[in-house]
Structure formats: C-alpha cells, structure tokens
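**Q** I am sharing query_14.txt, which consists of compact mmCIF, C-alpha atoms:
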```txt
# COMPACT_ATOMS: atom_id res chain seq x y z
CA MET A 50 15.27 -1.65 17.08
CA LYS A 51 14.66 1.03 19.65
CA ILE A 52 11.23 1.10 21.35
CA CYS A 53 10.15 4.38 22.95
CA SER A 54 7.19 5.29 25.17
CA VAL A 55 5.53 8.71 25.42
CA PRO A 56 3.17 9.23 28.42
CA SER A 57 -0.52 10.05 28.07
CA GLY A 58 -1.13 13.79 28.44
CA THR A 59 2.08 14.79 26.64
CA SER A 60 1.57 17.78 24.36
CA VAL A 61 2.68 16.99 20.82
CA PHE A 62 2.35 19.99 18.50
CA ASP A 63 -1.38 20.88 18.57
CA TRP A 64 -2.37 17.45 19.91
CA THR A 65 -2.21 15.55 23.20
CA VAL A 66 -1.24 11.90 23.61
CA PRO A 67 -4.55 10.27 24.67
CA LYS A 68 -5.21 7.84 27.46
CA GLU A 69 -4.47 4.19 26.85
CA TRP A 70 -7.43 1.88 26.26
CA VAL A 71 -7.54 -1.35 28.23
CA ILE A 72 -10.23 -3.79 27.07
CA ARG A 73 -10.89 -7.08 28.84
CA ASP A 74 -14.35 -8.23 27.71
CA ALA A 75 -17.33 -7.09 25.64
CA TYR A 76 -20.53 -8.81 24.56
CA ILE A 77 -24.28 -8.51 24.05
CA GLU A 78 -26.49 -11.28 25.43
CA ASP A 79 -30.23 -11.90 25.29
CA GLU A 80 -32.57 -12.76 28.15
CA THR A 81 -31.70 -16.46 27.92
CA GLY A 82 -28.00 -15.72 28.47
CA LYS A 83 -27.11 -16.46 24.83
CA LYS A 84 -24.34 -14.17 23.59
CA ILE A 85 -25.39 -12.42 20.40
CA ILE A 86 -21.89 -11.08 19.80
CA ASP A 87 -18.67 -11.61 21.76
CA MET A 88 -15.35 -9.80 21.31
CA LYS A 89 -13.59 -13.05 22.23
CA GLU A 90 -14.87 -14.47 18.94
CA ASN A 91 -14.08 -11.34 16.94
CA ASN A 92 -12.57 -8.25 18.57
CA LEU A 93 -14.16 -6.02 15.93
CA HIS A 94 -17.48 -6.57 17.71
CA VAL A 95 -16.56 -3.81 20.17
CA MET A 96 -16.03 -0.23 19.01
CA GLY A 97 -12.45 0.81 19.63
CA TYR A 98 -11.92 2.95 22.72
CA SER A 99 -15.36 2.10 24.15
CA VAL A 100 -15.90 3.13 27.77
CA PRO A 101 -17.41 0.61 30.24
CA VAL A 102 -21.11 -0.30 30.21
CA ASP A 103 -23.22 -2.86 32.09
CA GLN A 104 -26.86 -2.25 31.20
CA TRP A 105 -30.08 -4.04 30.15
CA VAL A 106 -32.04 -2.32 27.35
CA GLU A 107 -34.88 -2.96 24.94
CA LEU A 108 -34.08 -3.66 21.28
CA ASP A 109 -34.86 -0.13 20.07
CA GLU A 110 -32.44 1.31 22.61
CA LEU A 111 -29.81 -1.32 21.82
CA LYS A 112 -29.81 -0.39 18.15
CA LYS A 113 -28.60 3.12 19.05
CA TYR A 114 -25.27 1.57 20.02
CA ILE A 115 -24.87 -0.85 17.13
CA TYR A 116 -22.77 0.00 14.07
CA THR A 117 -23.08 -1.89 10.78
CA GLN A 118 -22.01 -1.47 7.15
CA PRO A 119 -25.42 -1.39 5.40
CA ASP A 120 -24.00 -1.60 1.87
CA GLN A 121 -22.04 -4.74 2.80
CA SER A 122 -24.56 -6.72 4.78
CA GLN A 123 -22.33 -9.64 5.78
CA VAL A 124 -19.26 -7.86 7.15
CA ILE A 125 -18.45 -6.43 10.57
CA PRO A 126 -17.22 -2.82 10.29
CA TYR A 127 -14.11 -1.58 12.07
CA VAL A 128 -15.22 1.45 14.11
CA THR A 129 -13.33 3.58 16.63
CA SER A 130 -13.96 6.63 18.82
CA TYR A 131 -10.60 8.00 19.88
CA TYR A 132 -11.28 11.54 21.04
CA LYS A 133 -14.80 11.40 22.44
CA GLU A 134 -15.82 9.03 25.23
CA ARG A 135 -18.65 6.69 24.14
CA PHE A 136 -19.29 3.00 23.76
CA GLY A 137 -20.61 0.87 20.94
CA PHE A 138 -20.81 -2.54 19.33
CA CYS A 139 -20.33 -3.70 15.74
CA MET A 140 -22.02 -6.49 13.83
CA SER A 141 -23.13 -7.30 10.31
CA GLU A 142 -26.28 -5.68 8.92
CA ASP A 143 -27.74 -9.17 8.45
CA GLN A 144 -27.14 -9.98 12.11
CA LYS A 145 -28.71 -6.71 13.24
CA GLY A 146 -31.76 -7.36 11.06
CA ALA A 147 -32.23 -10.79 12.65
CA LEU A 148 -32.48 -9.43 16.22
CA GLN A 149 -35.86 -10.08 17.83
CA PRO A 150 -37.73 -7.71 20.20
CA GLY A 151 -36.77 -8.21 23.82
CA ARG A 152 -34.28 -7.16 26.45
CA TYR A 153 -30.55 -7.29 25.87
CA HIS A 154 -27.56 -7.00 28.16
CA MET A 155 -24.80 -4.65 26.94
CA TYR A 156 -21.52 -5.36 28.70
CA ILE A 157 -18.08 -3.82 28.19
CA ASP A 158 -15.28 -4.26 30.72
CA SER A 159 -12.76 -1.58 29.81
CA GLU A 160 -10.99 1.50 31.15
CA LEU A 161 -9.07 4.50 29.91
CA VAL A 162 -5.86 4.88 31.88
CA ASP A 163 -2.82 7.10 31.94
CA GLY A 164 -0.52 4.94 29.90
CA PHE A 165 1.88 5.31 26.99
CA LEU A 166 2.03 5.72 23.24
CA ASN A 167 4.68 3.29 22.03
CA TYR A 168 6.66 3.57 18.81
CA ALA A 169 9.71 1.82 17.45
CA GLU A 170 12.47 2.84 15.09
CA ILE A 171 15.54 1.30 13.55
CA VAL A 172 18.32 3.25 11.84
CA LEU A 173 20.76 1.58 9.43
CA PRO A 174 23.68 4.00 8.91
CA GLY A 175 25.14 4.62 5.47
CA GLU A 176 28.14 6.46 4.08
CA THR A 177 26.35 9.79 4.51
CA GLU A 178 23.87 11.28 6.94
CA LYS A 179 21.35 11.80 4.16
CA GLU A 180 18.36 9.60 4.93
CA VAL A 181 15.72 7.53 3.19
CA PHE A 182 12.71 7.25 5.48
CA PHE A 183 10.06 4.53 5.79
CA SER A 184 6.98 4.81 8.02
CA THR A 185 4.25 2.29 8.76
CA TYR A 186 1.60 1.99 11.45
CA ILE A 187 0.59 -0.47 14.14
CA CYS A 188 -2.87 0.42 15.38
CA HIS A 189 -5.68 -1.30 13.43
CA PRO A 190 -6.69 -4.61 15.04
CA SER A 191 -7.60 -7.53 12.76
CA MET A 192 -6.90 -5.68 9.51
CA ALA A 193 -4.68 -7.81 7.27
CA ASN A 194 -4.07 -5.47 4.32
CA ASN A 195 -4.75 -2.13 5.98
CA GLU A 196 -2.57 -2.94 8.95
CA CYS A 197 -0.31 -5.98 9.08
CA SER A 198 0.90 -5.67 5.49
CA GLY A 199 2.80 -2.41 6.11
CA PRO A 200 4.91 -3.66 9.04
CA VAL A 201 5.52 -6.95 7.20
CA LEU A 202 6.91 -5.11 4.17
CA ALA A 203 8.95 -2.77 6.37
CA ALA A 204 10.48 -5.76 8.18
CA ALA A 205 11.43 -7.35 4.85
CA LEU A 206 12.98 -4.09 3.66
CA ILE A 207 15.00 -3.79 6.87
CA HIS A 208 16.54 -7.19 6.11
CA TYR A 209 17.20 -6.12 2.51
CA VAL A 210 18.91 -2.86 3.51
CA ALA A 211 20.90 -4.52 6.30
CA ALA A 212 22.27 -7.05 3.79
CA MET A 213 23.46 -4.36 1.34
CA LYS A 214 27.26 -4.51 1.05
CA LYS A 215 27.45 -0.77 0.58
CA ARG A 216 24.91 1.89 1.56
CA ARG A 217 25.21 5.39 0.19
CA TYR A 218 22.34 6.61 2.37
CA THR A 219 21.19 6.07 5.94
CA TYR A 220 17.83 4.29 6.24
CA ARG A 221 15.34 5.01 9.00
CA PHE A 222 12.25 2.85 9.64
CA VAL A 223 9.53 3.83 12.13
CA PHE A 224 6.57 1.82 13.42
CA ILE A 225 3.90 4.07 14.91
CA PRO A 226 0.17 4.40 15.64
CA GLU A 227 -1.42 6.24 12.72
CA THR A 228 -1.81 10.05 12.96
CA ILE A 229 -1.07 10.59 16.66
CA GLY A 230 2.03 8.41 16.28
CA SER A 231 3.60 10.39 13.44
CA ILE A 232 2.73 13.66 15.17
CA THR A 233 4.27 12.41 18.41
CA TYR A 234 7.38 11.03 16.71
CA MET A 235 8.11 14.32 14.95
CA SER A 236 7.52 16.41 18.06
CA VAL A 237 9.88 14.56 20.45
CA ASP A 238 13.65 14.15 20.68
CA ASN A 239 14.45 16.72 18.01
CA HIS A 240 13.23 14.28 15.32
CA LEU A 241 11.62 16.89 13.07
CA GLU A 242 14.74 19.05 12.89
CA CYS A 243 16.83 16.01 12.00
CA MET A 244 14.29 14.86 9.41
CA LYS A 245 14.24 18.28 7.77
CA ARG A 246 18.04 18.34 7.67
CA HIS A 247 18.72 14.82 6.44
CA MET A 248 15.69 13.28 4.67
CA ILE A 249 15.94 13.09 0.88
CA ALA A 250 12.88 10.87 0.32
CA GLY A 251 10.25 9.21 2.49
CA PHE A 252 7.62 6.53 1.97
CA ASN A 253 4.55 5.72 4.03
CA LEU A 254 3.71 2.01 3.60
CA SER A 255 0.04 1.04 3.85
CA CYS A 256 -2.23 -1.59 2.25
CA VAL A 257 0.61 -3.32 0.41
CA GLY A 258 -0.50 -6.98 0.55
CA ASP A 259 -3.16 -7.36 -2.15
CA ASP A 260 -2.43 -7.82 -5.85
CA ARG A 261 -5.13 -5.69 -7.52
CA ASP A 262 -3.30 -2.43 -8.17
CA TYR A 263 -0.25 -0.28 -7.44
CA SER A 264 -0.87 3.20 -6.05
CA ILE A 265 0.93 6.37 -5.05
CA VAL A 266 -0.53 9.18 -2.98
CA GLU A 267 1.52 12.16 -4.07
CA SER A 268 3.16 14.75 -1.87
CA ARG A 269 1.47 18.15 -1.60
CA TYR A 270 3.22 19.64 -4.64
CA THR A 271 4.09 16.37 -6.42
CA ASP A 272 7.69 17.53 -6.95
CA THR A 273 9.78 15.63 -4.40
CA LEU A 274 12.40 13.00 -5.11
CA ALA A 275 10.04 10.48 -3.48
CA ASP A 276 7.34 11.33 -6.06
CA ARG A 277 9.78 11.05 -8.94
CA VAL A 278 11.43 7.79 -7.98
CA LEU A 279 8.27 5.91 -7.03
CA LYS A 280 6.45 6.98 -10.21
CA ASN A 281 9.47 5.94 -12.27
CA VAL A 282 9.57 2.47 -10.72
CA LEU A 283 5.80 2.00 -10.90
CA GLY A 284 5.79 3.17 -14.52
CA GLY A 285 8.25 0.43 -15.34
CA ARG A 286 5.77 -2.15 -14.04
CA GLY A 287 2.91 -0.92 -16.23
CA ARG A 288 -0.44 0.40 -15.02
CA TYR A 289 -0.74 2.09 -11.62
CA SER A 290 -3.04 4.61 -9.95
CA THR A 291 -1.99 8.12 -8.96
CA TYR A 292 -3.88 9.88 -6.18
CA SER A 293 -3.59 13.57 -5.46
CA PHE A 294 -2.56 14.67 -1.99
CA LEU A 295 -6.13 15.94 -1.72
CA GLU A 296 -7.07 12.24 -1.50
CA ARG A 297 -4.66 11.66 1.40
CA GLY A 298 -5.68 9.70 4.47
CA SER A 299 -2.72 8.02 6.12
CA ASP A 300 0.41 9.47 7.72
CA GLU A 301 1.57 11.09 4.50
CA ARG A 302 -0.75 13.94 5.46
CA GLN A 303 1.15 14.54 8.71
CA TYR A 304 4.57 14.45 7.06
CA ASN A 305 3.41 16.96 4.42
CA ALA A 306 1.52 19.30 6.77
CA PRO A 307 2.26 23.05 6.56
CA GLY A 308 5.44 23.81 8.45
CA ILE A 309 6.45 20.14 8.37
CA GLU A 310 6.78 19.75 4.59
CA LEU A 311 8.83 16.57 4.42
CA PRO A 312 9.36 14.79 1.05
CA VAL A 313 7.06 11.85 1.81
CA VAL A 314 4.61 9.97 -0.42
CA CYS A 315 2.37 7.01 0.36
CA PHE A 316 2.80 3.66 -1.40
CA CYS A 317 -0.06 1.15 -1.57
CA ARG A 318 -1.26 -1.70 -3.70
CA SER A 319 -5.01 -0.90 -3.57
CA LYS A 320 -5.28 2.45 -1.79
CA PHE A 321 -7.00 2.64 1.58
CA GLY A 322 -10.67 3.49 1.20
CA GLU A 323 -10.68 2.33 -2.43
CA TYR A 324 -11.19 -1.40 -1.97
CA PRO A 325 -14.45 -2.86 -0.63
CA GLU A 326 -12.92 -4.85 2.24
CA TYR A 327 -11.31 -1.74 3.77
CA HIS A 328 -12.09 -1.25 7.49
CA THR A 329 -14.26 -4.36 7.70
CA SER A 330 -13.88 -7.95 8.83
CA ALA A 331 -13.37 -8.86 5.16
CA ASP A 332 -9.89 -7.30 5.30
CA ASN A 333 -8.54 -10.69 6.29
CA MET A 334 -5.84 -13.13 5.21
CA GLU A 335 -7.83 -14.08 2.12
CA LEU A 336 -7.34 -10.55 0.78
CA VAL A 337 -3.54 -10.52 0.95
CA SER A 338 -1.40 -12.88 -1.12
CA PRO A 339 2.21 -13.93 -1.67
CA SER A 340 2.17 -12.33 -5.12
CA GLY A 341 0.79 -9.10 -3.64
CA PHE A 342 3.58 -8.89 -1.07
CA GLN A 343 6.20 -9.89 -3.63
CA GLY A 344 5.13 -7.10 -5.97
CA SER A 345 5.32 -4.53 -3.18
CA TYR A 346 8.71 -5.84 -2.11
CA GLU A 347 10.05 -5.62 -5.66
CA VAL A 348 8.76 -2.05 -6.06
CA MET A 349 10.36 -0.80 -2.87
CA THR A 350 13.67 -2.62 -3.34
CA GLN A 351 13.85 -1.13 -6.83
CA VAL A 352 13.13 2.29 -5.30
CA ILE A 353 16.05 1.76 -2.92
CA CYS A 354 18.29 0.64 -5.79
CA VAL A 355 17.35 3.68 -7.89
CA LEU A 356 17.97 6.09 -5.02
CA GLU A 357 21.36 4.53 -4.34
CA SER A 358 22.32 4.87 -8.02
CA ASN A 359 20.75 8.24 -8.80
CA ALA A 360 23.23 10.90 -9.85
CA ARG A 361 24.05 13.13 -12.79
CA TYR A 362 26.06 11.30 -15.44
CA ARG A 363 28.28 12.83 -18.12
CA ILE A 364 29.91 11.21 -21.15
CA LYS A 365 33.67 11.81 -20.94
CA VAL A 366 34.48 12.13 -24.66
CA LEU A 367 33.65 15.03 -26.96
CA GLY A 368 30.82 14.22 -29.31
CA GLU A 369 29.33 10.80 -29.87
CA PRO A 370 31.59 8.03 -28.56
CA GLN A 371 32.58 5.22 -30.88
CA LEU A 372 31.03 2.23 -29.16
CA GLY A 373 32.04 -0.36 -31.74
CA LYS A 374 35.75 -0.28 -30.95
CA ARG A 375 34.85 -0.87 -27.29
CA GLY A 376 32.68 -3.90 -28.09
CA LEU A 377 29.48 -2.02 -27.21
CA TYR A 378 27.98 -1.67 -30.70
CA PRO A 379 27.37 -4.06 -33.63
CA THR A 380 30.12 -3.94 -36.25
CA VAL A 381 27.85 -5.29 -38.98
CA SER A 382 25.11 -2.91 -40.08
CA GLN A 383 21.81 -4.66 -40.74
CA LYS A 384 18.19 -3.85 -40.06
CA GLY A 385 17.42 -4.71 -36.43
CA SER A 386 21.04 -5.09 -35.35
CA TYR A 387 20.99 -1.87 -33.31
CA ASP A 388 17.84 -2.61 -31.31
CA GLY A 389 19.77 -4.11 -28.41
CA VAL A 390 21.87 -0.99 -27.85
CA LYS A 391 19.18 1.65 -28.27
CA ALA A 392 18.83 2.14 -24.49
CA MET A 393 22.58 2.78 -24.33
CA THR A 394 22.67 5.28 -27.17
CA ASP A 395 19.58 7.05 -25.86
CA PHE A 396 21.17 7.24 -22.40
CA ILE A 397 24.32 8.74 -23.92
CA THR A 398 22.22 11.38 -25.69
CA TYR A 399 21.10 12.87 -22.38
CA ALA A 400 24.16 12.04 -20.24
CA ASP A 401 25.40 15.63 -20.39
CA GLY A 402 25.78 16.25 -16.66
CA LYS A 403 22.55 18.24 -16.51
CA ASN A 404 20.07 15.41 -15.99
CA ASP A 405 19.93 12.98 -13.13
CA LEU A 406 19.26 9.31 -13.79
CA ILE A 407 15.52 9.63 -13.18
CA ASP A 408 15.31 12.54 -15.65
CA ILE A 409 17.10 10.52 -18.32
CA SER A 410 14.92 7.48 -17.65
CA ASN A 411 11.75 9.52 -18.01
CA ARG A 412 12.97 11.14 -21.24
CA ILE A 413 13.92 7.91 -23.01
CA GLY A 414 11.18 5.73 -21.56
CA VAL A 415 13.42 3.13 -19.95
CA PRO A 416 13.04 2.46 -16.19
CA VAL A 417 16.09 3.39 -14.14
CA TYR A 418 16.68 -0.12 -12.85
CA LYS A 419 17.00 -1.29 -16.48
CA LEU A 420 19.60 1.41 -17.15
CA LEU A 421 21.92 0.28 -14.36
CA SER A 422 23.50 -2.45 -16.51
CA VAL A 423 23.98 0.11 -19.29
CA ILE A 424 25.81 2.40 -16.88
CA ASP A 425 28.00 -0.47 -15.68
CA LYS A 426 29.09 -1.21 -19.28
CA LEU A 427 29.86 2.46 -19.93
CA LYS A 428 31.83 2.70 -16.67
CA LYS A 429 33.93 -0.35 -17.60
CA ALA A 430 34.66 1.33 -20.92
CA ASP A 431 35.64 4.51 -19.05
CA LEU A 432 33.06 6.47 -21.03
CA VAL A 433 30.94 7.97 -18.27
CA GLU A 434 31.55 9.83 -15.05
CA LYS A 435 29.21 10.20 -12.09
CA ARG A 436 28.44 13.52 -10.48
CA ASP A 437 26.63 13.60 -7.17
CA ILE A 438 23.46 15.62 -6.83
CA LYS A 439 23.89 18.49 -4.38
```
Since I need it in another form, could you write the structure as structure tokens?

**A**
Amino acid sequence: MKICSVPSGTSVFDWTVPKEWVIRDAYIEDETGKKIIDMKENNLHVMGYSVPVDQWVELDELKKYIYTQPDQSQVIPYVTSYYKERFGFCMSEDQKGALQPGRYHMYIDSELVDGFLNYAEIVLPGETEKEVFFSTYICHPSMANNECSGPVLAAALIHYVAAMKKRRYTYRFVFIPETIGSITYMSVDNHLECMKRHMIAGFNLSCVGDDRDYSIVESRYTDTLADRVLKNVLGGRGRYSTYSFLERGSDERQYNAPGIELPVVCFCRSKFGEYPEYHTSADNMELVSPSGFQGSYEVMTQVICVLESNARYRIKVLGEPQLGKRGLYPTVSQKGSYDGVKAMTDFITYADGKNDLIDISNRIGVPVYKLLSVIDKLKKADLVEKRDIK
C-alpha cells in the first residue's frame, strides 16, 4: 500500500485542499464545574472542524451553538463544517431539553493548520493494464456502517484479489477522504488520464455492513459495465434497491462528474441517507453484522468473478450441438428429465458471438456466476470458444 500526502492549499480542479483540523479537547460545563458533554466520552459531541472557543454564556446563547436531531430525540447527530469557520456542539434532543437556565462554559481546544490530505492506494497487477477500480473513504469519525464498513470490505477484497491464481485485470483500491479526497486523487500524478485510459468498471463502497437491503446508485447514464455487472449479481440474490444518479451523495458523484465521466457506480447495503441511524451516534457496532458484511463480500467477489469471466462466447458447431453423445444431455426422454440442462441449452441459444456473458445471463434469467460451470462443461466438450470484448 502506498500512502501519499497532498499539502493544504493545493489547487485540485475547482477546489483547494483545506487546512488540517487538530482537536485536543471540547466540552460544555455548568457553573458547578460539571461537564454536560465531553468529547472524550463521545467525539461526536463536537462539531467537526470547529474553531477554538473559551467563553461563558447564558442558556439562550448556548443553544445557538448546539445541534440536535429533533426527530430522533436520543441520538447525537454527526455534524461538520468544512468550508466555513465556526464552532458548535452536538447532543441529543432529550439532553438539550433537560438543560436548566444558568451560565455555561463553552470550551474547544483546536486549531486549523497547514497540514496534509492523506490517501492510500494499492494496485494488484493483472495480465492486462485494463483496471477494475474500488474506492472507499476514511473521514467520518465513529460511524460504523457509513464509514468503517467500506474500508473493511475493501481490505477483504484486497486479500481475495491477491490470492487469485490468475488475474485477467489489474485491480486498484483507493482509500480517501470523501469528496475532496476523490477530487484530489484524480487531479494529481496523472491519475485521471490513467483512469480514463484503463478503467473498465469502478465501484464506490459505502454503508456495506448492515443486512437490511442491497443497493446500487447508478452511473449518470446507467449504461456502464459497472452498472450491468452489479445489477446482474444483485438480481441473482433477489430483491435490491436501485437509486438514480440523481440520488447520488458519495464519491460516485465525483467520478461521474462532467468531463470526468468514469464508469463508476456505488454499492451499499442500506444506502446512505436512507436508514435512520445514518450520521448519528446510532450508527454503531450494533448496526453492522457478520451476515451483513458476508453478503457484501459475496456480492463483490461475484462481481470480480463475473468481470474476469465476461466475454463473447460462440458455439463452434453449425446448428444445435448434440449434447447427448458428449454426456451433457439425458439419453432417456421423460417429463422433467431436461430441467437440469435448461440453463445450458438456453446459454447455447444465445452463444452466437454477438452477446457477452452478462447479456446472455440477462436474456435467459440465470445469474452469470451460475453459468460459469455450464461454460466449463462446454469448454471441456470443445463446443464453445471465447472471444474477448474489445
């Protein structure tokens, strides 16, 4: 893994890498010295990027700097202010309602300094320079599903790809701060030019640890290989939710921006902004689960498997092949005896060299990963040839 640092003040496309936030302490205390909230107990109690403050105020004034989530009275919201200098505190609506009139001490020990935006990447070379791209972000403190789940899945996928005996494609994984990180990554070191030249499909990984749903946020025009392969795999698992690019919100919007136009979709379990715990203290380890992670892992490893296998296939004989003499078809005709080979015969119907594997899968209603064993049998019988997609 290569870790890179980009200095504050660096121009990145239409943006500028901001100053680095250093936070040492933050709390509110009453006149008796009792701390009402303390970031050392929960770091969400301080608004992200808050500037320093050391001031005594009355309750009415204090409330101007307190953020809550009124419709969820028991949670602490996650609030930030990246591009305008201000300060603030966060607490539950119930806690705010319990505050009594009096004087309160607001204290934040922080500073904004010329520092660095850090990102990391790892590249696992394949037989070709064509790349499959994975992106996830590392910037939301204390968020289990909305933050930690993405890097966890990416790390597991890195191990999976590294263990592959043969890789057709090169795989690139990046770990970045959301929005400014993807913009920065694409703008430095000739990354965008290389991505445009080599990327065949990309996936932004976010909110992948719960087990309530599977979701895809489509690319701008819904027509990329990434759209097709992820929908095919998710369709094979049953119900899933499709979100238009107009409902974007994570780094897929940067990778699809005008002039960028990379083939990237976003994969989630429950989509960001769609589950009640999102951006609150309730997005904790109780929300994510082993089964949630396992489902996400299976989806993305199947996506990798499909991409590695995707090609145009053509039956090598003229007309319908005789499968029986090759041991691929029942030799006794009886009702129900052909059910086990229907996927094979349906595959053969569309294996004319015009359709890629995902096209055939969608036409016959059999997920690609279930067709791979069919293809192996046809290859062993020397009945099918593979043609790469240009």

**Q** I'd like the neighbourhood of A:Thr129 as a list of chain:residue names, where a residue qualifies if any of its atoms comes within 10 Å (using only C-alpha atoms), though same-chain residues fewer than 3 positions away should be ignored.

**A**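 Result of the neighbour search: A:Leu93, A:Val95, A:Met96, A:Gly97, A:Tyr98, A:Ser99, A:Pro126, A:Tyr132, A:Lys133, A:Arg135, A:Phe136, A:Gly137, A:His189.
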
**Q** Just to be explicit: take each residue in the selection above, keep C-alpha atoms, and write the result as an mmCIF file, in the coordinates of the input.

**A**
```cif
data_model
loop_
_atom_site.group_PDB
_atom_site.id
_atom_site.type_symbol
_atom_site.label_atom_id
_atom_site.label_comp_id
_atom_site.auth_asym_id
_atom_site.auth_seq_id
_atom_site.Cartn_x
_atom_site.Cartn_y
_atom_site.Cartn_z
ATOM 1 C CA LEU A 93 -14.160 -6.020 15.930
ATOM 2 C CA VAL A 95 -16.560 -3.810 20.170
ATOM 3 C CA MET A 96 -16.030 -0.230 19.010
ATOM 4 C CA GLY A 97 -12.450 0.810 19.630
ATOM 5 C CA TYR A 98 -11.920 2.950 22.720
ATOM 6 C CA SER A 99 -15.360 2.100 24.150
ATOM 7 C CA PRO A 126 -17.220 -2.820 10.290
ATOM 8 C CA TYR A 132 -11.280 11.540 21.040
ATOM 9 C CA LYS A 133 -14.800 11.400 22.440
ATOM 10 C CA ARG A 135 -18.650 6.690 24.140
ATOM 11 C CA PHE A 136 -19.290 3.000 23.760
ATOM 12 C CA GLY A 137 -20.610 0.870 20.940
ATOM 13 C CA HIS A 189 -5.680 -1.300 13.430
#
```

**Q** When distances are computed from only C-alpha atoms, which of A:Ala205, A:Ile232, A:Glu78, A:Asn91 shows the smallest separation from A:Met349?

**A** A:Ala205

**Q** Which residue gives the smallest distance to A:Thr59 among A:Lys435, A:Val210, A:Leu166, A:Val352, with all atoms listed in the file counted?

**A**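 Among the listed residues, the smallest separation from A:Thr59 belongs to A:Leu166.
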
**Q** Can you pull out every residue within 6 Å of stretch 358-360 of chain A, counting all atoms listed in the file, but drop anything in the same chain fewer than 3 positions away, and send it as a list of chain:residue names?

**A** A:Val355, A:Asp405, A:Leu406, A:Arg436, A:Asp437, A:Ile438

**Q** Give me the residues near A:Ser159 as a PDB file with C-alpha atoms, keeping the file's coordinate frame, where near means some atom within 9 Å (using all atoms listed in the file) and where sequence neighbours in that chain fewer than 3 positions away do not count.

**A**
```
ATOM      1  CA  TRP A  70      -7.430   1.880  26.260  1.00  0.00           C
ATOM      2  CA  VAL A  71      -7.540  -1.350  28.230  1.00  0.00           C
ATOM      3  CA  ILE A  72     -10.230  -3.790  27.070  1.00  0.00           C
ATOM      4  CA  ARG A  73     -10.890  -7.080  28.840  1.00  0.00           C
ATOM      5  CA  ASP A  74     -14.350  -8.230  27.710  1.00  0.00           C
ATOM      6  CA  ALA A  75     -17.330  -7.090  25.640  1.00  0.00           C
ATOM      7  CA  TYR A  98     -11.920   2.950  22.720  1.00  0.00           C
ATOM      8  CA  SER A  99     -15.360   2.100  24.150  1.00  0.00           C
ATOM      9  CA  VAL A 100     -15.900   3.130  27.770  1.00  0.00           C
ATOM     10  CA  PRO A 101     -17.410   0.610  30.240  1.00  0.00           C
ATOM     11  CA  VAL A 102     -21.110  -0.300  30.210  1.00  0.00           C
TER      12      VAL A 102
END
```

**Q** Do a neighbour search on A:Pro370 at 9 Å with all atoms listed in the file, toss out local chain neighbours closer than 4 positions, and write the hits as a list in words.

**A**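 The filter keeps Ile364, Lys365, Val366, Ile397 and Leu432 of chain A.
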
**Q** One decimal, in Å: what's the spacing between atom CA of A:Gln118 and atom CA of A:Lys145?

**A**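 Interatomic distance, atom CA of A:Gln118 to atom CA of A:Lys145: 10.5 Å.
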
**Q** Which residues, written as number ranges by chain, have at least one atom at most 7 Å from stretch 294-302 of chain A, with all atoms listed in the file counted and residues fewer than 4 positions away on the same chain left out?

**A** A: 227-228, 231, 253, 266-269, 306, 313-315

**Q** What gap, in Å, lies between atom CA of A:Leu148 and atom CA of A:Lys84?

**A** 12.0 Å

**Q** For a test of reading the model, state the distance in Å between atom CA of A:Glu180 and atom CA of A:Ile207, rounded to one decimal.

**A**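 Here the two named atoms are 13.9 Å from each other.
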
**Q** Using only C-alpha atoms for the distances, tell me which of A:Gly146, A:Gly344, A:Pro190, A:Pro226 is nearest to A:Tyr263.

**A**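 Under the stated criterion, the closest residue is A:Gly344.
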
**Q** With only C-alpha atoms counted, which protein, DNA or RNA residues have an atom no more than 8 Å from (-2.5, -6.6, 1.1) in the file frame? Please answer as a VMD selection string.

**A** chain A and resid 193 to 195 198 256 to 260 318 to 319 336 to 338 341 to 342

**Q** Considering all atoms listed in the file, can you say which of A:Lys428, A:Thr117, A:Gly414, A:Asp103 comes closest to A:His328?

**A** A:Thr117

**Q** Between A:Cys139, A:Ile52, A:Leu420, A:Cys188, which one has atoms that come closest to A:Lys391, using only C-alpha atoms?

**A**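 That would be A:Leu420, the residue with the smallest distance to A:Lys391.
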
**Q** My list of candidates is A:Gln121, A:Thr398, A:Gln149, A:Thr81. Which is closest to A:Pro325 when distances are computed with all atoms listed in the file?

**A**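 Using all atoms listed in the file, the shortest distance to A:Pro325 belongs to A:Gln121.
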
**Q** Using the file's own x, y and z axes, what box holds all listed atoms of stretch 136-145 of chain A with 8 Å on each side, keeping edges along x, y and z, and what are its centre and edge lengths in Å to one decimal, as lines of an AutoDock Vina configuration file?

**A**
```
center_x = -24.0
center_y = -3.5
center_z = 16.1
size_x = 25.4
size_y = 29.0
size_z = 31.3
```
